[in-house]
There are 2 protein chains.
Amino acid sequence: MSRNEFSCDCNIIHQEAVDEVLQKMPIDDKFNKLAGLFKLIGDQTRCKILFALDQKEMCVCDLANVLNMTKSSISHQLAVLRKSGIVRCRKNGKEVYYTLDDDHIVKLFEIGLEHINHKG
Amino acid sequence: MSRNEFSCDCNIIHQEAVDEVLQKMPIDDKFNKLAGLFKLIGDQTRCKILFALDQKEMCVCDLANVLNMTKSSISHQLAVLRKSGIVRCRKNGKEVYYTLDDDHIVKLFEIGLEHINHKG
DNA sequence: CACTTAGTTGAATAAATGTTCAACTATTAT
DNA sequence: ATAATAGTTGAACATTTATTCAACTAAGTG
């Protein structure tokens with residue numbers, strides 16, 4: 001039984017190791033969400049937006065000025081962050097104010113920065 | 001001085017807030033690396049590879065079996081992870097064994113999973 | 001009311017990215 | 001030597017994705 005029934009193009013070298021790891025692997029849905037979360041903060045623009053919102057509640061124009069980008073592109077990214085529940089918004093007159101809505105993000109940033117400062 | 005000199009298409013609503021946040025913002029290079037790190041683990045395939053390697057040192061074929069993918073696509077992703085210093089490899093005969101080479105990744109995963117389990 | 005500004009949205013464009021495929025190297029076994 | 005297997009690599013392809021542009025809504029101002 002050196003060949004497996006799956007679509008990978010090789011023999012199983014260490015069947016036991018493979019089985020053991022497979023048992024501990026979370027289901028696909030978990031990885032989907034996990035990778036999705038990291039993909040969300042794996043973009044310079046969104047990184048900066050989140051960093052800024054961690055300092056202060058800000059409206060779209062403020063963010064556009066901080067990032068030196070157009071309202072439109074900021075708004076598009078804010079929509080992405082909103083839909084994923086990472087930021088929250090509140091309307092006041094003409095302006096829409098955004099805030100961070102997730103403690104985990106700040107922790108992820110801290111560890112990420114540790115990594116950067118430790119390695120290249 | 002309600003108009004700024006930059007390329008954003010709007011007035012500054014809260015000059016003080018903008019200035020304050022701008023002062024605290026790391027330089028672009030930091031954000032580049034930070035977003036780069038998250039982008040790296042923001043992919044299902046690489047997420048699974050890293051999770052597997054956190055359990056056990058594995059060769060490419062083992063990983064191909066665990067993920068049920070071809071050697072080639074696994075190898076391509078391993079090259080990406082290698083170049084960024086997140087995994088390390090060691091050759092032994094025909095086989096190449098990979099291991100995790102970064103404590104931060106595990107921490108990021110833990111917090112990421114906390115987030116998933118807390119939110120949707 | 002007409003005008004300006006804050007913000008959103010959809011379509012289009014351009015760039016980045018993951019997988020496949022085929023060719024290749026290197027090591028082991030017959 | 002020859003064959004088979006582990007792994008890498010570059011090009012091609014398809015998909016995803018970030019920004020731009022233009023049109024739009026909604027709220028405040030003269």
# chains A, B, ... in the order shown; residues from 1 in each chain; ligands from 1

call {"tool": "residues_around", "arguments": {"residues": "DC21 of chain C", "least_positions_apart": "2", "cutoff": "12 Å", "atoms": "only C-alpha atoms (C1' of nucleotides)", "output": "PyMOL selection string"}}
result
(chain B and resi 70+72-73) or (chain C and resi 19+23) or (chain D and resi 9-13)

call {"tool": "residues_around", "arguments": {"residues": "DT8 of chain D", "least_positions_apart": "2", "cutoff": "9 Å", "atoms": "only C-alpha atoms (C1' of nucleotides)", "output": "VMD selection string"}}
result
(chain B and resid 72 75 to 76) or (chain C and resid 24 to 25)

call {"tool": "interface_residues", "arguments": {"of": "chain B", "to": "chain D", "cutoff": "12 Å", "atoms": "only C-alpha atoms (C1' of nucleotides)", "output": "VMD selection string"}}
result
chain B and resid 59 to 62 64 70 to 79 91 to 97

call {"tool": "write_last_selection", "arguments": {"atoms": "N, CA and C atoms", "output": "PDB file, in the first residue's frame"}}
result
ATOM      1  N   CYS B  59       8.817  15.654   4.601  1.00  0.00           N
ATOM      2  CA  CYS B  59       9.384  15.813   3.260  1.00  0.00           C
ATOM      3  C   CYS B  59       8.267  16.253   2.306  1.00  0.00           C
ATOM      4  N   VAL B  60       8.662  16.621   1.101  1.00  0.00           N
ATOM      5  CA  VAL B  60       7.711  17.179   0.142  1.00  0.00           C
ATOM      6  C   VAL B  60       6.571  16.212  -0.170  1.00  0.00           C
ATOM      7  N   CYS B  61       6.923  14.915  -0.302  1.00  0.00           N
ATOM      8  CA  CYS B  61       5.896  13.927  -0.598  1.00  0.00           C
ATOM      9  C   CYS B  61       4.882  13.795   0.539  1.00  0.00           C
ATOM     10  N   ASP B  62       5.389  13.834   1.753  1.00  0.00           N
ATOM     11  CA  ASP B  62       4.481  13.775   2.901  1.00  0.00           C
ATOM     12  C   ASP B  62       3.496  14.941   2.837  1.00  0.00           C
ATOM     13  N   ALA B  64       2.654  16.666   0.254  1.00  0.00           N
ATOM     14  CA  ALA B  64       1.761  16.488  -0.895  1.00  0.00           C
ATOM     15  C   ALA B  64       0.611  15.550  -0.531  1.00  0.00           C
ATOM     16  N   THR B  70      -0.216  18.160  -5.773  1.00  0.00           N
ATOM     17  CA  THR B  70       0.967  17.665  -6.478  1.00  0.00           C
ATOM     18  C   THR B  70       2.255  18.141  -5.797  1.00  0.00           C
ATOM     19  N   LYS B  71       3.326  17.362  -6.021  1.00  0.00           N
ATOM     20  CA  LYS B  71       4.637  17.754  -5.505  1.00  0.00           C
ATOM     21  C   LYS B  71       5.020  19.140  -6.005  1.00  0.00           C
ATOM     22  N   SER B  72       4.729  19.365  -7.285  1.00  0.00           N
ATOM     23  CA  SER B  72       5.136  20.629  -7.900  1.00  0.00           C
ATOM     24  C   SER B  72       4.542  21.843  -7.188  1.00  0.00           C
ATOM     25  N   SER B  73       3.258  21.791  -6.965  1.00  0.00           N
ATOM     26  CA  SER B  73       2.638  22.983  -6.378  1.00  0.00           C
ATOM     27  C   SER B  73       3.096  23.165  -4.930  1.00  0.00           C
ATOM     28  N   ILE B  74       3.291  22.034  -4.219  1.00  0.00           N
ATOM     29  CA  ILE B  74       3.834  22.119  -2.863  1.00  0.00           C
ATOM     30  C   ILE B  74       5.241  22.708  -2.894  1.00  0.00           C
ATOM     31  N   SER B  75       6.039  22.228  -3.831  1.00  0.00           N
ATOM     32  CA  SER B  75       7.417  22.686  -3.929  1.00  0.00           C
ATOM     33  C   SER B  75       7.484  24.185  -4.226  1.00  0.00           C
ATOM     34  N   HIS B  76       6.613  24.633  -5.105  1.00  0.00           N
ATOM     35  CA  HIS B  76       6.563  26.071  -5.413  1.00  0.00           C
ATOM     36  C   HIS B  76       6.284  26.879  -4.148  1.00  0.00           C
ATOM     37  N   GLN B  77       5.322  26.430  -3.376  1.00  0.00           N
ATOM     38  CA  GLN B  77       4.961  27.167  -2.161  1.00  0.00           C
ATOM     39  C   GLN B  77       6.059  27.076  -1.113  1.00  0.00           C
ATOM     40  N   LEU B  78       6.715  25.920  -1.048  1.00  0.00           N
ATOM     41  CA  LEU B  78       7.825  25.783  -0.105  1.00  0.00           C
ATOM     42  C   LEU B  78       8.956  26.741  -0.455  1.00  0.00           C
ATOM     43  N   ALA B  79       9.157  26.943  -1.753  1.00  0.00           N
ATOM     44  CA  ALA B  79      10.197  27.879  -2.185  1.00  0.00           C
ATOM     45  C   ALA B  79       9.882  29.286  -1.687  1.00  0.00           C
ATOM     46  N   LYS B  91      18.556  18.265   3.388  1.00  0.00           N
ATOM     47  CA  LYS B  91      18.478  17.177   2.420  1.00  0.00           C
ATOM     48  C   LYS B  91      19.019  15.898   3.032  1.00  0.00           C
ATOM     49  N   ASN B  92      18.338  14.797   2.735  1.00  0.00           N
ATOM     50  CA  ASN B  92      18.790  13.505   3.216  1.00  0.00           C
ATOM     51  C   ASN B  92      18.499  12.470   2.136  1.00  0.00           C
ATOM     52  N   GLY B  93      19.517  12.094   1.420  1.00  0.00           N
ATOM     53  CA  GLY B  93      19.319  11.178   0.296  1.00  0.00           C
ATOM     54  C   GLY B  93      18.496  11.852  -0.780  1.00  0.00           C
ATOM     55  N   LYS B  94      17.474  11.146  -1.236  1.00  0.00           N
ATOM     56  CA  LYS B  94      16.622  11.719  -2.265  1.00  0.00           C
ATOM     57  C   LYS B  94      15.648  12.744  -1.703  1.00  0.00           C
ATOM     58  N   GLU B  95      15.433  12.637  -0.390  1.00  0.00           N
ATOM     59  CA  GLU B  95      14.364  13.450   0.200  1.00  0.00           C
ATOM     60  C   GLU B  95      14.838  14.785   0.771  1.00  0.00           C
ATOM     61  N   VAL B  96      13.941  15.741   0.781  1.00  0.00           N
ATOM     62  CA  VAL B  96      14.206  17.043   1.383  1.00  0.00           C
ATOM     63  C   VAL B  96      13.211  17.265   2.507  1.00  0.00           C
ATOM     64  N   TYR B  97      13.730  17.462   3.704  1.00  0.00           N
ATOM     65  CA  TYR B  97      12.867  17.600   4.868  1.00  0.00           C
ATOM     66  C   TYR B  97      12.726  19.068   5.262  1.00  0.00           C
TER      67      TYR B  97
END

call {"tool": "atom_distance", "arguments": {"atom1": "atom CA of Ile111 of chain A", "atom2": "atom CA of Leu108 of chain B"}}
result
7.0 Å

call {"tool": "select_by_dssp", "arguments": {"residues": "chain B", "states": "helix (DSSP H, G or I)", "output": "count of residues only"}}
result
73

call {"tool": "closest_residue", "arguments": {"among": "A:Arg88, A:Lys83, A:Lys39, A:Lys48", "to": "chain B", "atoms": "only C-alpha atoms"}}
result
A:Lys39

call {"tool": "closest_atom_pairs", "arguments": {"of": "chain A", "to": "chain B", "cutoff": "7 Å", "atoms": "only C-alpha atoms", "output": "Markdown table"}}
result
| residue | atom | partner | partner_atom | distance |
| --- | --- | --- | --- | --- |
| A:Phe6 | CA | B:Asn68 | CA | 6.3 |
| A:Ser7 | CA | B:Asn68 | CA | 6.0 |
| A:Cys8 | CA | B:Thr70 | CA | 4.6 |
| A:Asp9 | CA | B:Thr70 | CA | 5.4 |
| A:Cys10 | CA | B:Cys61 | CA | 6.2 |
| A:Asn11 | CA | B:Cys61 | CA | 6.9 |
| A:Ile12 | CA | B:Asp62 | CA | 6.1 |
| A:Ile13 | CA | B:Asp62 | CA | 6.2 |
| A:His14 | CA | B:Asp62 | CA | 6.5 |
| A:Val18 | CA | B:Val66 | CA | 5.9 |
| A:Val21 | CA | B:Ala52 | CA | 6.2 |
| A:Leu22 | CA | B:Val66 | CA | 6.1 |
| A:Phe31 | CA | B:Gln44 | CA | 5.9 |
| A:Asn32 | CA | B:Gln44 | CA | 6.0 |
| A:Lys33 | CA | B:Ile116 | CA | 6.8 |
| A:Leu34 | CA | B:Gly112 | CA | 6.2 |
| A:Ala35 | CA | B:Gly42 | CA | 4.3 |
| A:Gly36 | CA | B:Gly42 | CA | 6.2 |
| A:Phe38 | CA | B:Gly42 | CA | 4.4 |
| A:Lys39 | CA | B:Gly42 | CA | 4.1 |
| A:Ile41 | CA | B:Phe38 | CA | 6.3 |
| A:Gly42 | CA | B:Lys39 | CA | 4.1 |
| A:Asp43 | CA | B:Ala35 | CA | 5.0 |
| A:Gln44 | CA | B:Ala35 | CA | 5.3 |
| A:Cys47 | CA | B:Ala35 | CA | 6.4 |
| A:Ala52 | CA | B:Val21 | CA | 6.2 |
| A:Gln55 | CA | B:Val21 | CA | 6.5 |
| A:Cys61 | CA | B:Cys10 | CA | 6.2 |
| A:Asp62 | CA | B:Val18 | CA | 6.0 |
| A:Ala64 | CA | B:Cys8 | CA | 5.9 |
| A:Asn65 | CA | B:Cys8 | CA | 6.0 |
| A:Val66 | CA | B:Val18 | CA | 5.9 |
| A:Asn68 | CA | B:Cys8 | CA | 5.2 |
| A:Met69 | CA | B:Cys8 | CA | 4.7 |
| A:Thr70 | CA | B:Cys8 | CA | 4.6 |
| A:Lys71 | CA | B:Asp9 | CA | 6.5 |
| A:His104 | CA | B:His115 | CA | 6.3 |
| A:Leu108 | CA | B:Leu108 | CA | 6.1 |
| A:Ile111 | CA | B:His104 | CA | 6.6 |
| A:Gly112 | CA | B:Leu34 | CA | 6.2 |
| A:Leu113 | CA | B:Leu34 | CA | 6.6 |
| A:His115 | CA | B:His104 | CA | 6.4 |
| A:Ile116 | CA | B:Lys33 | CA | 6.8 |

call {"tool": "write_last_selection", "arguments": {"atoms": "C-alpha atoms", "output": "CSV table (one decimal), in the first residue's frame"}}
result
chain,number,residue,atom,x,y,z
A,6,PHE,CA,-5.6,10.6,-3.7
A,7,SER,CA,-4.7,13.0,-6.4
A,8,CYS,CA,-1.1,13.7,-5.3
A,9,ASP,CA,1.5,12.4,-7.7
A,10,CYS,CA,3.8,10.5,-5.3
A,11,ASN,CA,4.1,7.6,-2.9
A,12,ILE,CA,3.6,8.1,0.8
A,13,ILE,CA,7.1,8.1,2.3
A,14,HIS,CA,6.1,8.3,6.0
A,18,VAL,CA,1.1,11.7,7.4
A,21,VAL,CA,-0.7,15.1,11.0
A,22,LEU,CA,-3.9,14.5,9.1
A,31,PHE,CA,-8.2,27.0,7.1
A,32,ASN,CA,-10.4,28.9,4.7
A,33,LYS,CA,-11.3,31.4,7.4
A,34,LEU,CA,-7.8,31.5,8.9
A,35,ALA,CA,-6.2,32.2,5.6
A,36,GLY,CA,-8.9,34.7,4.8
A,38,PHE,CA,-4.5,36.9,7.2
A,39,LYS,CA,-5.2,37.7,3.6
A,41,ILE,CA,-4.4,42.1,6.8
A,42,GLY,CA,-1.9,41.1,4.2
A,43,ASP,CA,-2.3,44.2,2.1
A,44,GLN,CA,-0.4,47.5,2.7
A,47,CYS,CA,-2.6,47.4,7.1
A,52,ALA,CA,-4.5,54.3,11.9
A,55,GLN,CA,-4.8,55.1,17.1
A,61,CYS,CA,-11.3,61.8,4.4
A,62,ASP,CA,-8.9,61.6,7.3
A,64,ALA,CA,-7.4,59.3,2.7
A,65,ASN,CA,-5.1,62.1,3.9
A,66,VAL,CA,-3.2,59.8,6.2
A,68,ASN,CA,-2.4,59.8,0.7
A,69,MET,CA,-4.9,58.0,-1.4
A,70,THR,CA,-8.3,58.7,-3.0
A,71,LYS,CA,-11.6,58.5,-1.0
A,104,HIS,CA,-7.1,40.3,17.9
A,108,LEU,CA,-1.5,40.1,15.4
A,111,ILE,CA,3.6,39.8,16.9
A,112,GLY,CA,4.0,40.7,13.2
A,113,LEU,CA,6.2,43.7,14.1
A,115,HIS,CA,8.9,39.2,13.6
A,116,ILE,CA,9.9,42.1,11.3

call {"tool": "closest_atom_pairs", "arguments": {"of": "chain C", "to": "chain B", "cutoff": "9 Å", "atoms": "only C-alpha atoms (C1' of nucleotides)", "output": "Markdown table"}}
result
| residue | atom | partner | partner_atom | distance |
| --- | --- | --- | --- | --- |
| C:DT5 | C1' | B:Cys10 | CA | 8.4 |
| C:DA6 | C1' | B:Cys10 | CA | 8.7 |
| C:DG18 | C1' | B:Ser73 | CA | 8.2 |
| C:DT19 | C1' | B:Ser73 | CA | 6.4 |
| C:DT20 | C1' | B:Ser73 | CA | 8.3 |
| C:DA26 | C1' | B:Lys94 | CA | 7.3 |
| C:DT27 | C1' | B:Lys94 | CA | 5.0 |
| C:DT28 | C1' | B:Lys94 | CA | 7.5 |

call {"tool": "atom_distance", "arguments": {"atom1": "atom CA of Leu50 of chain B", "atom2": "atom CA of Ile27 of chain A"}}
result
14.8 Å

call {"tool": "select_by_dssp", "arguments": {"residues": "chain A", "states": "strand (DSSP E or B)", "output": "list in words"}}
result
Met58, Cys59, Val87, Arg88, Cys89, Arg90, Lys91, Asn92, Glu95, Val96, Tyr97, Tyr98, Thr99 and Leu100 of chain A
